[in-house]
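S.K.: Data file structure-v3.txt (compact mmCIF, C-alpha atoms) is appended below.
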```txt
# COMPACT_ATOMS: atom_id res chain seq x y z
CA MET A 73 33.05 -1.82 26.58
CA THR A 74 29.47 -2.34 25.43
CA ASP A 75 28.87 -5.24 23.07
CA PRO A 76 28.04 -3.71 19.65
CA SER A 77 25.41 -6.42 19.13
CA GLU A 78 23.36 -4.78 21.90
CA SER A 79 23.31 -1.39 20.19
CA PRO A 80 19.98 -0.25 18.66
CA TRP A 81 21.83 0.45 15.42
CA ARG A 82 24.71 -1.69 14.27
CA ASP A 83 27.24 -1.67 11.51
CA LEU A 84 26.49 -3.40 8.21
CA THR A 85 29.14 -5.99 9.02
CA ASP A 86 26.76 -7.59 11.53
CA PRO A 87 24.74 -10.20 9.54
CA ARG A 88 21.98 -10.12 12.13
CA ARG A 89 21.04 -6.61 11.01
CA ALA A 90 19.64 -7.80 7.69
CA LEU A 91 17.47 -10.36 9.48
CA LYS A 92 15.60 -7.58 11.29
CA THR A 93 15.24 -5.16 8.38
CA ALA A 94 11.46 -5.53 8.15
CA ASP A 95 11.13 -4.27 11.72
CA LEU A 96 13.77 -1.53 11.62
CA GLU A 97 11.36 1.33 10.93
CA ALA A 98 8.53 0.24 13.23
CA GLY A 99 7.78 3.10 15.60
CA LEU A 100 10.17 5.55 13.97
CA LYS A 101 9.14 9.11 13.14
CA GLU A 102 8.17 10.30 9.69
CA PRO A 103 11.02 12.43 8.26
CA GLU A 104 8.99 15.63 8.12
CA PHE A 105 10.25 19.08 9.11
CA GLU A 106 7.25 19.50 11.40
CA ASN A 107 8.30 16.42 13.40
CA LEU A 108 11.65 17.86 14.46
CA ASP A 109 12.13 18.56 18.16
CA ILE A 110 15.17 20.84 18.44
CA PRO A 111 17.52 20.08 20.08
CA GLU A 112 16.91 16.40 19.37
CA LYS A 113 19.34 13.72 20.46
CA LEU A 114 19.71 11.00 17.85
CA GLY A 115 21.16 8.48 20.22
CA THR A 116 24.34 6.47 20.49
CA ALA A 117 25.55 3.64 18.28
CA GLN A 118 28.67 1.56 17.93
CA VAL A 119 30.44 0.25 14.85
CA VAL A 120 33.47 -1.96 14.45
CA VAL A 121 36.20 -0.83 12.04
CA ASP A 122 36.76 -4.35 10.76
CA ASP A 123 38.28 -5.71 7.57
CA HIS A 124 34.96 -5.78 5.73
CA LYS A 125 34.11 -2.17 6.58
CA ILE A 126 37.49 -0.92 5.38
CA LYS A 127 37.36 -2.96 2.16
CA ARG A 128 33.78 -1.91 1.44
CA PHE A 129 34.79 1.76 1.61
CA ALA A 130 37.82 1.01 -0.57
CA PHE A 131 35.46 -0.40 -3.22
CA THR A 132 33.01 2.50 -3.08
CA HIS A 133 35.81 5.04 -3.59
CA ASP A 134 38.36 3.09 -5.65
CA ASP A 135 40.83 3.83 -2.87
CA TYR A 136 43.04 0.81 -2.26
CA SER A 137 45.79 2.54 -0.30
CA PRO A 138 48.22 0.22 1.50
CA TRP A 139 47.48 2.19 4.67
CA HIS A 140 44.02 0.60 4.67
CA LEU A 141 44.84 -2.85 3.33
CA HIS A 142 48.33 -3.56 4.71
CA GLU A 143 50.08 -1.11 7.05
CA SER A 144 50.12 2.62 7.73
CA PRO A 145 52.47 5.26 9.17
CA PHE A 146 50.54 4.92 12.45
CA ASP A 147 52.73 2.31 14.18
CA GLY A 148 52.30 0.08 11.15
CA ARG A 149 48.64 -0.61 11.96
CA ARG A 150 45.93 -0.78 9.30
CA ILE A 151 43.62 2.23 9.51
CA GLY A 152 40.30 3.27 8.03
CA HIS A 153 40.02 5.90 5.33
CA ALA A 154 39.86 9.49 6.59
CA ALA A 155 36.11 9.80 5.89
CA LEU A 156 35.27 6.16 6.68
CA LEU A 157 32.87 7.08 9.50
CA GLY A 158 31.23 10.06 7.82
CA ASN A 159 28.24 8.19 6.46
CA ASP A 160 27.78 6.35 9.76
CA LEU A 161 27.49 9.73 11.48
CA VAL A 162 25.08 11.08 8.86
CA GLN A 163 22.92 7.95 9.22
CA LEU A 164 22.50 8.38 12.98
CA PHE A 165 19.16 10.05 12.22
CA THR A 166 17.81 6.61 11.27
CA LEU A 167 17.73 5.74 14.96
CA VAL A 168 14.81 8.18 15.21
CA TYR A 169 13.46 8.67 11.65
CA ALA A 170 12.37 6.13 9.00
CA ALA A 171 15.27 5.93 6.53
CA SER A 172 13.32 4.55 3.56
CA LYS A 173 10.87 7.46 3.68
CA VAL A 174 13.57 10.13 3.42
CA VAL A 175 13.88 12.05 0.17
CA GLY A 176 16.32 14.64 1.39
CA TYR A 177 19.21 16.60 -0.03
CA HIS A 178 22.55 17.02 1.74
CA THR A 179 23.64 20.63 1.21
CA GLU A 180 26.72 21.06 3.39
CA GLU A 181 29.26 18.82 5.14
CA GLN A 182 31.99 19.80 7.58
CA MET A 183 34.39 17.47 9.34
CA TRP A 184 37.35 17.78 11.69
CA PHE A 185 39.89 14.93 11.56
CA ASP A 186 41.43 14.24 14.97
CA GLY A 187 42.90 10.76 14.60
CA PRO A 188 42.81 7.57 12.53
CA ALA A 189 40.24 4.81 13.00
CA LEU A 190 42.24 1.65 13.74
CA LEU A 191 41.48 -1.81 12.41
CA ASP A 192 39.17 -3.76 14.77
CA GLU A 193 38.55 -0.70 16.93
CA ILE A 194 35.05 -0.31 18.40
CA VAL A 195 33.90 3.25 17.69
CA THR A 196 31.09 5.05 19.50
CA LEU A 197 28.92 7.46 17.50
CA THR A 198 26.76 10.18 19.02
CA GLY A 199 24.71 12.87 17.31
CA THR A 200 22.16 15.64 17.85
CA TYR A 201 19.93 17.75 15.63
CA THR A 202 20.97 21.17 16.93
CA GLU A 203 19.17 23.63 14.66
CA ALA A 204 16.31 23.82 12.17
CA TYR A 205 15.24 26.64 9.89
CA GLU A 206 13.28 27.36 6.71
CA ARG A 207 14.66 28.97 3.59
CA ARG A 208 13.05 29.37 0.17
CA GLY A 209 10.22 27.13 1.21
CA GLU A 210 12.49 24.25 2.28
CA GLY A 211 13.07 22.91 5.79
CA TYR A 212 16.73 22.58 6.78
CA VAL A 213 18.15 20.68 9.73
CA VAL A 214 21.67 20.82 11.21
CA MET A 215 23.32 17.76 12.75
CA GLU A 216 26.39 17.75 14.97
CA ALA A 217 27.99 14.38 15.70
CA GLN A 218 31.22 12.73 16.80
CA ALA A 219 33.01 9.41 16.40
CA THR A 220 35.04 8.40 19.45
CA GLY A 221 37.51 5.56 19.61
CA GLU A 222 38.41 3.30 22.47
CA GLY A 223 39.66 5.22 25.50
CA GLY A 224 37.64 8.29 24.53
CA ARG A 225 39.97 9.35 21.71
CA SER A 226 38.26 11.63 19.17
CA ILE A 227 38.48 10.31 15.61
CA VAL A 228 36.26 12.73 13.66
CA ARG A 229 33.71 15.46 14.41
CA HIS A 230 30.91 16.24 11.99
CA ARG A 231 28.52 19.08 11.22
CA GLY A 232 26.09 18.58 8.37
CA VAL A 233 23.16 20.48 6.86
CA GLU A 234 20.34 18.71 5.02
CA ILE A 235 16.96 19.51 3.55
CA LEU A 236 14.89 16.95 5.38
CA LYS A 237 12.33 16.23 2.66
CA THR A 238 12.20 17.70 -0.82
CA THR A 239 12.18 16.92 -4.53
CA PRO A 240 15.90 16.37 -5.26
CA GLY A 241 15.62 16.93 -8.99
CA ALA A 242 14.15 20.40 -8.48
CA ILE A 243 16.37 21.55 -5.63
CA GLY A 244 19.53 20.18 -7.23
CA GLY A 245 18.76 21.66 -10.59
CA ARG A 246 18.59 25.21 -9.27
CA GLY A 247 21.58 24.80 -6.95
CA SER A 248 20.88 24.13 -3.31
CA ALA A 249 23.72 25.99 -1.65
CA THR A 250 25.90 28.99 -2.36
CA PRO A 251 29.28 29.23 -0.62
CA SER A 252 29.56 32.16 1.80
CA ARG A 253 33.08 32.70 0.49
CA ARG A 254 32.90 32.03 -3.20
CA VAL A 255 35.08 29.22 -4.54
CA THR A 256 35.37 29.57 -8.31
CA GLY A 257 37.52 26.56 -9.06
CA GLU A 258 39.67 28.71 -11.30
CA VAL A 259 43.48 28.61 -11.18
CA ASP A 260 46.31 30.45 -12.88
CA ASP A 261 47.47 28.76 -16.07
CA ASN A 262 51.05 29.07 -14.83
CA ALA A 263 50.35 27.68 -11.35
CA ARG A 264 52.61 24.95 -10.06
CA VAL A 265 50.92 21.55 -9.78
CA ILE A 266 52.09 19.61 -6.73
CA GLU A 267 51.78 15.95 -5.81
CA THR A 268 52.68 16.59 -2.16
CA VAL A 269 51.96 19.46 0.22
CA ASP A 270 55.29 19.78 2.04
CA ALA A 271 57.67 22.34 3.53
CA ASP A 272 58.13 23.99 0.12
CA VAL A 273 54.42 24.65 -0.43
CA ARG A 274 53.45 28.16 -1.47
CA ILE A 275 50.28 30.14 -2.11
CA GLY A 276 48.81 29.41 -5.54
CA ASP A 277 50.04 25.83 -5.73
CA VAL A 278 47.45 23.50 -7.26
CA LEU A 279 46.90 19.97 -6.03
CA ALA A 280 47.53 17.29 -8.62
CA PRO A 281 43.97 16.28 -9.61
CA LEU A 282 42.19 13.06 -8.73
CA ARG A 283 39.86 11.80 -11.47
CA LYS A 284 37.04 9.38 -10.68
CA THR A 285 33.81 7.82 -11.84
CA ILE A 286 31.38 6.52 -9.22
CA THR A 287 29.40 3.64 -10.69
CA ALA A 288 25.83 2.72 -9.78
CA GLU A 289 27.17 -0.31 -7.92
CA GLN A 290 29.57 1.79 -5.86
CA ALA A 291 26.89 4.37 -5.04
CA ALA A 292 24.44 1.64 -4.04
CA VAL A 293 26.88 -0.07 -1.68
CA PHE A 294 27.84 3.25 -0.11
CA SER A 295 24.17 4.19 0.35
CA ARG A 296 23.08 1.16 2.39
CA ILE A 297 21.69 -1.21 -0.24
CA GLY A 298 22.98 -4.07 1.93
CA GLU A 299 20.43 -3.07 4.56
CA TYR A 300 17.59 -3.06 1.99
CA VAL A 301 17.14 0.68 2.40
CA ARG A 302 15.80 2.32 -0.77
CA ASN A 303 16.86 5.87 -1.58
CA ILE A 304 17.76 8.23 -4.43
CA HIS A 305 21.35 6.93 -4.44
CA ASN A 306 20.71 3.19 -4.77
CA ASP A 307 17.30 2.76 -6.44
CA ILE A 308 16.34 4.10 -9.86
CA ASP A 309 12.60 4.12 -9.12
CA VAL A 310 13.07 6.22 -5.98
CA ALA A 311 15.44 8.52 -7.88
CA ARG A 312 12.93 9.08 -10.68
CA ALA A 313 10.13 9.64 -8.19
CA GLY A 314 12.34 12.44 -6.86
CA GLY A 315 12.66 14.05 -10.29
CA LEU A 316 16.07 12.57 -11.13
CA ARG A 317 17.07 10.78 -14.33
CA VAL A 318 19.21 8.19 -12.57
CA PRO A 319 20.50 7.69 -9.02
CA ILE A 320 22.87 10.40 -7.85
CA VAL A 321 26.13 10.11 -5.93
CA GLN A 322 25.62 10.84 -2.25
CA GLY A 323 27.24 14.09 -1.16
CA GLN A 324 29.03 12.21 1.60
CA GLN A 325 30.59 9.97 -1.05
CA GLN A 326 31.95 12.99 -2.93
CA PHE A 327 33.24 14.25 0.41
CA GLY A 328 35.09 10.96 0.79
CA VAL A 329 36.80 11.47 -2.56
CA LEU A 330 37.97 14.94 -1.49
CA ALA A 331 39.22 13.45 1.77
CA GLN A 332 41.15 10.87 -0.25
CA LEU A 333 42.68 13.66 -2.36
CA LEU A 334 43.82 15.57 0.73
CA THR A 335 45.19 12.44 2.40
CA LEU A 336 47.21 11.68 -0.72
CA ARG A 337 48.58 15.22 -0.98
CA CYS A 338 49.03 16.13 2.72
CA GLY A 339 50.08 12.77 4.12
CA PRO A 340 49.29 11.22 7.51
CA THR A 341 48.97 14.55 9.33
CA PHE A 342 45.70 15.15 7.48
CA LEU A 343 44.15 12.41 9.63
CA THR A 344 45.25 14.17 12.83
CA SER A 345 44.97 17.89 11.94
CA GLY A 346 42.74 18.07 8.86
CA TRP A 347 39.51 19.98 8.35
CA MET A 348 37.08 20.15 5.43
CA ARG A 349 33.92 22.12 4.77
CA VAL A 350 32.10 21.69 1.46
CA LYS A 351 28.80 22.72 -0.08
CA PHE A 352 27.03 20.50 -2.60
CA LEU A 353 25.98 22.71 -5.52
CA ALA A 354 24.43 20.29 -8.01
CA PRO A 355 23.65 16.56 -8.14
CA LEU A 356 26.26 14.26 -9.65
CA ASP A 357 24.82 11.30 -11.56
CA VAL A 358 26.27 7.83 -11.22
CA PHE A 359 28.72 7.01 -14.06
CA GLU A 360 29.58 10.69 -14.60
CA GLN A 361 33.32 11.35 -14.70
CA PHE A 362 34.56 14.08 -12.39
CA THR A 363 37.78 15.62 -11.15
CA SER A 364 38.67 16.83 -7.66
CA THR A 365 41.50 19.24 -6.91
CA GLY A 366 42.28 22.39 -4.96
CA VAL A 367 44.50 25.42 -4.62
CA VAL A 368 46.61 26.63 -1.68
CA THR A 369 45.32 29.98 -0.37
CA ALA A 370 47.48 30.52 2.72
CA VAL A 371 50.59 29.10 4.37
CA THR A 372 51.20 29.94 8.02
CA PRO A 373 54.31 28.85 9.96
CA VAL A 374 53.51 26.92 13.16
CA ASP A 375 55.60 24.90 15.59
CA GLY A 376 57.18 22.07 13.64
CA GLY A 377 55.67 22.88 10.27
CA HIS A 378 53.12 24.88 8.30
CA HIS A 379 49.37 25.30 8.57
CA VAL A 380 48.04 25.20 5.01
CA ASP A 381 44.63 26.54 3.89
CA LEU A 382 43.06 25.51 0.61
CA GLU A 383 40.04 25.92 -1.60
CA ILE A 384 38.83 22.55 -2.91
CA TRP A 385 36.25 21.47 -5.47
CA VAL A 386 34.76 18.81 -7.72
CA ARG A 387 34.08 19.47 -11.42
CA ARG A 388 32.08 17.31 -13.80
CA ASP A 389 34.31 16.46 -16.74
CA SER A 390 31.61 16.51 -19.44
CA ASP A 391 30.83 20.23 -19.11
CA ASP A 392 33.34 21.47 -16.50
CA ARG A 393 30.49 22.34 -14.15
CA LEU A 394 31.37 22.99 -10.51
CA MET A 395 29.46 20.33 -8.53
CA THR A 396 30.94 20.68 -5.04
CA ALA A 397 33.06 23.48 -3.57
CA GLY A 398 34.59 24.31 -0.22
CA TRP A 399 37.61 24.76 1.96
CA ALA A 400 40.16 22.60 3.76
CA SER A 401 43.19 22.89 5.97
CA ALA A 402 45.92 20.74 7.49
CA THR A 403 49.24 21.08 9.25
CA VAL A 404 52.19 19.59 7.45
CA PRO A 405 55.67 19.00 8.94
CA ALA A 406 58.55 21.33 8.17
CA SER A 407 60.62 18.52 6.69
```
Could you express the structure from this file as structure tokens?
M.R.:
Amino acid sequence: MTDPSESPWRDLTDPRRALKTADLEAGLKEPEFENLDIPEKLGTAQVVVDDHKIKRFAFTHDDYSPWHLHESPFDGRRIGHAALLGNDLVQLFTLVYAASKVVGYHTEEQMWFDGPALLDEIVTLTGTYTEAYERRGEGYVVMEAQATGEGGRSIVRHRGVEILKTTPGAIGGRGSATPSRRVTGEVDDNARVIETVDADVRIGDVLAPLRKTITAEQAAVFSRIGEYVRNIHNDIDVARAGGLRVPIVQGQQQFGVLAQLLTLRCGPTFLTSGWMRVKFLAPLDVFEQFTSTGVVTAVTPVDGGHHVDLEIWVRRDSDDRLMTAGWASATVPAS
């Protein structure tokens, strides 16, 4: 196995990374749409799922599950959160492009969950820009990436869409993405609210909601402040230069909250059979309270259980605005 210290891009847990921050962007490309070379390989990197990485994610999401801090249903081993590696995959572009010069906007995230990331496991990340296109005067780029554990075991697969460089305040204010299948976030007043998706699940069931507030400190830690990277999620001056009032919560961080919700409701099989696709509709400010939930749209019998499809979303509590919307699925056991 390759020593992670020899990788061109290492996990934040390596203290040597901070020592080289001043040189990190030397020779990297400007993050301009015109500089894309499709398909463009973004390289390979390795991260270690160590105690610090797991606890840092727990802080950024207020998710202190015993699975992550003590023991899990997976042979009793500590595991990373379902979306632990999502931001690492998104950040693969910084192997090629200068991170501190990016003023982008994440519009869509999709992830397939194939297996848990185990404590102290060395994970290999690979990614490619596979597609680029222009729409409404903005340049979009599509990334496909994968996190692979030791022995070649797939942990998660990722497909994300981002506007490479824009004015976030303007694009977010008008709504940057419209779901191809509309998710309204509306449920029947008489719908059953369920804490657990199990063998008795039925169409129309609503997931017990998960309420959160992401603070500026949590958003900053999630968005690489420990590497001295400045962006619209961790620096108020950069945020205001992008037309925002305050830093906004990274879309990938909202995605992590939805992954937490589905892990809580679907259980351990979400980490081995889960799927999520969400579109980010409007920027969520730090310190804004929000609620994530979802509704069951289909239940299909399969060997040993049920395949469950859902619509999922995030609403801002202050005005009930739909901020993020999408779809999810998982297979749950019959008993």
S.K.: When you count all atoms listed in the file, which of these residues is closest to Thr341 of chain A: A:Ala291, A:Ile304, A:Ala313, A:Val380?
M.R.: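 Using all atoms listed in the file, Thr341 of chain A sits closest to A:Val380.
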S.K.: Excluding same-chain residues fewer than 4 positions from Asp381 of chain A, what lies within 8 Å of it counting all atoms listed in the file, as number ranges by chain?
M.R.: A: 368-371, 399-402
S.K.: Selected residues, C-alpha atoms, written as a PDB file, in the frame of the given file, please.
M.R.:
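Okay, this is what ended up in selection35.pdb:
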```
ATOM      1  CA  VAL A 368      46.610  26.630  -1.680  1.00  0.00           C
ATOM      2  CA  THR A 369      45.320  29.980  -0.370  1.00  0.00           C
ATOM      3  CA  ALA A 370      47.480  30.520   2.720  1.00  0.00           C
ATOM      4  CA  VAL A 371      50.590  29.100   4.370  1.00  0.00           C
ATOM      5  CA  TRP A 399      37.610  24.760   1.960  1.00  0.00           C
ATOM      6  CA  ALA A 400      40.160  22.600   3.760  1.00  0.00           C
ATOM      7  CA  SER A 401      43.190  22.890   5.970  1.00  0.00           C
ATOM      8  CA  ALA A 402      45.920  20.740   7.490  1.00  0.00           C
TER       9      ALA A 402
END
```
S.K.: Within 12 Å of Thr287 of chain A, counting only C-alpha atoms, which residues qualify if same-chain residues fewer than 6 places away don't, as a list of chain:residue names?
M.R.: A:Phe131, A:Thr132, A:His133, A:Asp134, A:Val293, A:Phe294, A:His305, A:Asn306, A:Val318, A:Pro319, A:Ile320, A:Val321, A:Gln322, A:Gln325, A:Leu356, A:Asp357, A:Val358, A:Phe359, A:Glu360, A:Gln361, A:Phe362
S.K.: Using only C-alpha atoms, can you tell me which of A:Pro138, A:Gly366, A:Pro103, A:Gly328 comes closest to Val265 of chain A?
M.R.: A:Gly366
S.K.: Within 8 Å of segment 202-214 of chain A, counting all atoms listed in the file, which residues show up once you throw out same-chain ones fewer than 5 positions away? Write them as a list in words, please.
M.R.: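 Here the answer would be Phe105, Leu108, Ile110, Pro111, Glu112, Arg231, Gly232, Val233, Glu234, Ile235, Leu236, Lys237 and Thr238 of chain A.
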S.K.: Do a neighbour search on Thr196 of chain A at 6 Å with all atoms listed in the file, toss out local chain neighbours closer than 4 positions, and write the hits as an MDAnalysis selection string.
M.R.: chainID A and resid 117:118 219:220
S.K.: Go ahead and write the residues just picked, C-alpha atoms, as a PDB file, keeping the file's coordinate frame.
M.R.:
```pdb
ATOM      1  CA  ALA A 117      25.550   3.640  18.280  1.00  0.00           C
ATOM      2  CA  GLN A 118      28.670   1.560  17.930  1.00  0.00           C
ATOM      3  CA  ALA A 219      33.010   9.410  16.400  1.00  0.00           C
ATOM      4  CA  THR A 220      35.040   8.400  19.450  1.00  0.00           C
TER       5      THR A 220
END
```
S.K.: Using atom CA of Phe129 of chain A and atom CA of Ala170 of chain A as the two end points, give the distance in Å to one decimal.
M.R.: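 Atom CA of Ala170 of chain A lies at a distance of 24.0 Å from atom CA of Phe129 of chain A.
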S.K.: Compare A:Val273, A:Ala292, A:Leu282, A:Ile194 by their minimum atom-to-atom distance to His378 of chain A, counting all atoms listed in the file, and give me the closest one.
M.R.: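 Using all atoms listed in the file, His378 of chain A sits closest to A:Val273.
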S.K.: Contacts of Glu258 of chain A at 12 Å or less, counting only C-alpha atoms, minus same-chain residues fewer than 6 places along, as number ranges by chain?
M.R.: A: 276, 278, 365-367, 383-387, 392-394, 397
S.K.: Suppose you want the space between atom CA of Leu333 of chain A and atom CA of Gly224 of chain A; what is it in Å?
M.R.: 27.9 Å
S.K.: Measure the distance from atom CA of Glu216 of chain A to atom CA of Gln163 of chain A in Å and round it to one decimal.
M.R.: 11.9 Å
S.K.: Nearest to Pro340 of chain A: which of A:Gly398, A:Gly115, A:Pro188, A:Gly298 is it, counting all atoms listed in the file?
M.R.: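 Using all atoms listed in the file, Pro340 of chain A sits closest to A:Pro188.
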S.K.: Could you check the closest approach to Asn303 of chain A for each of A:Tyr177, A:Val228, A:Tyr201, A:Leu330 and tell me which residue wins, using all atoms listed in the file?
M.R.: A:Tyr177
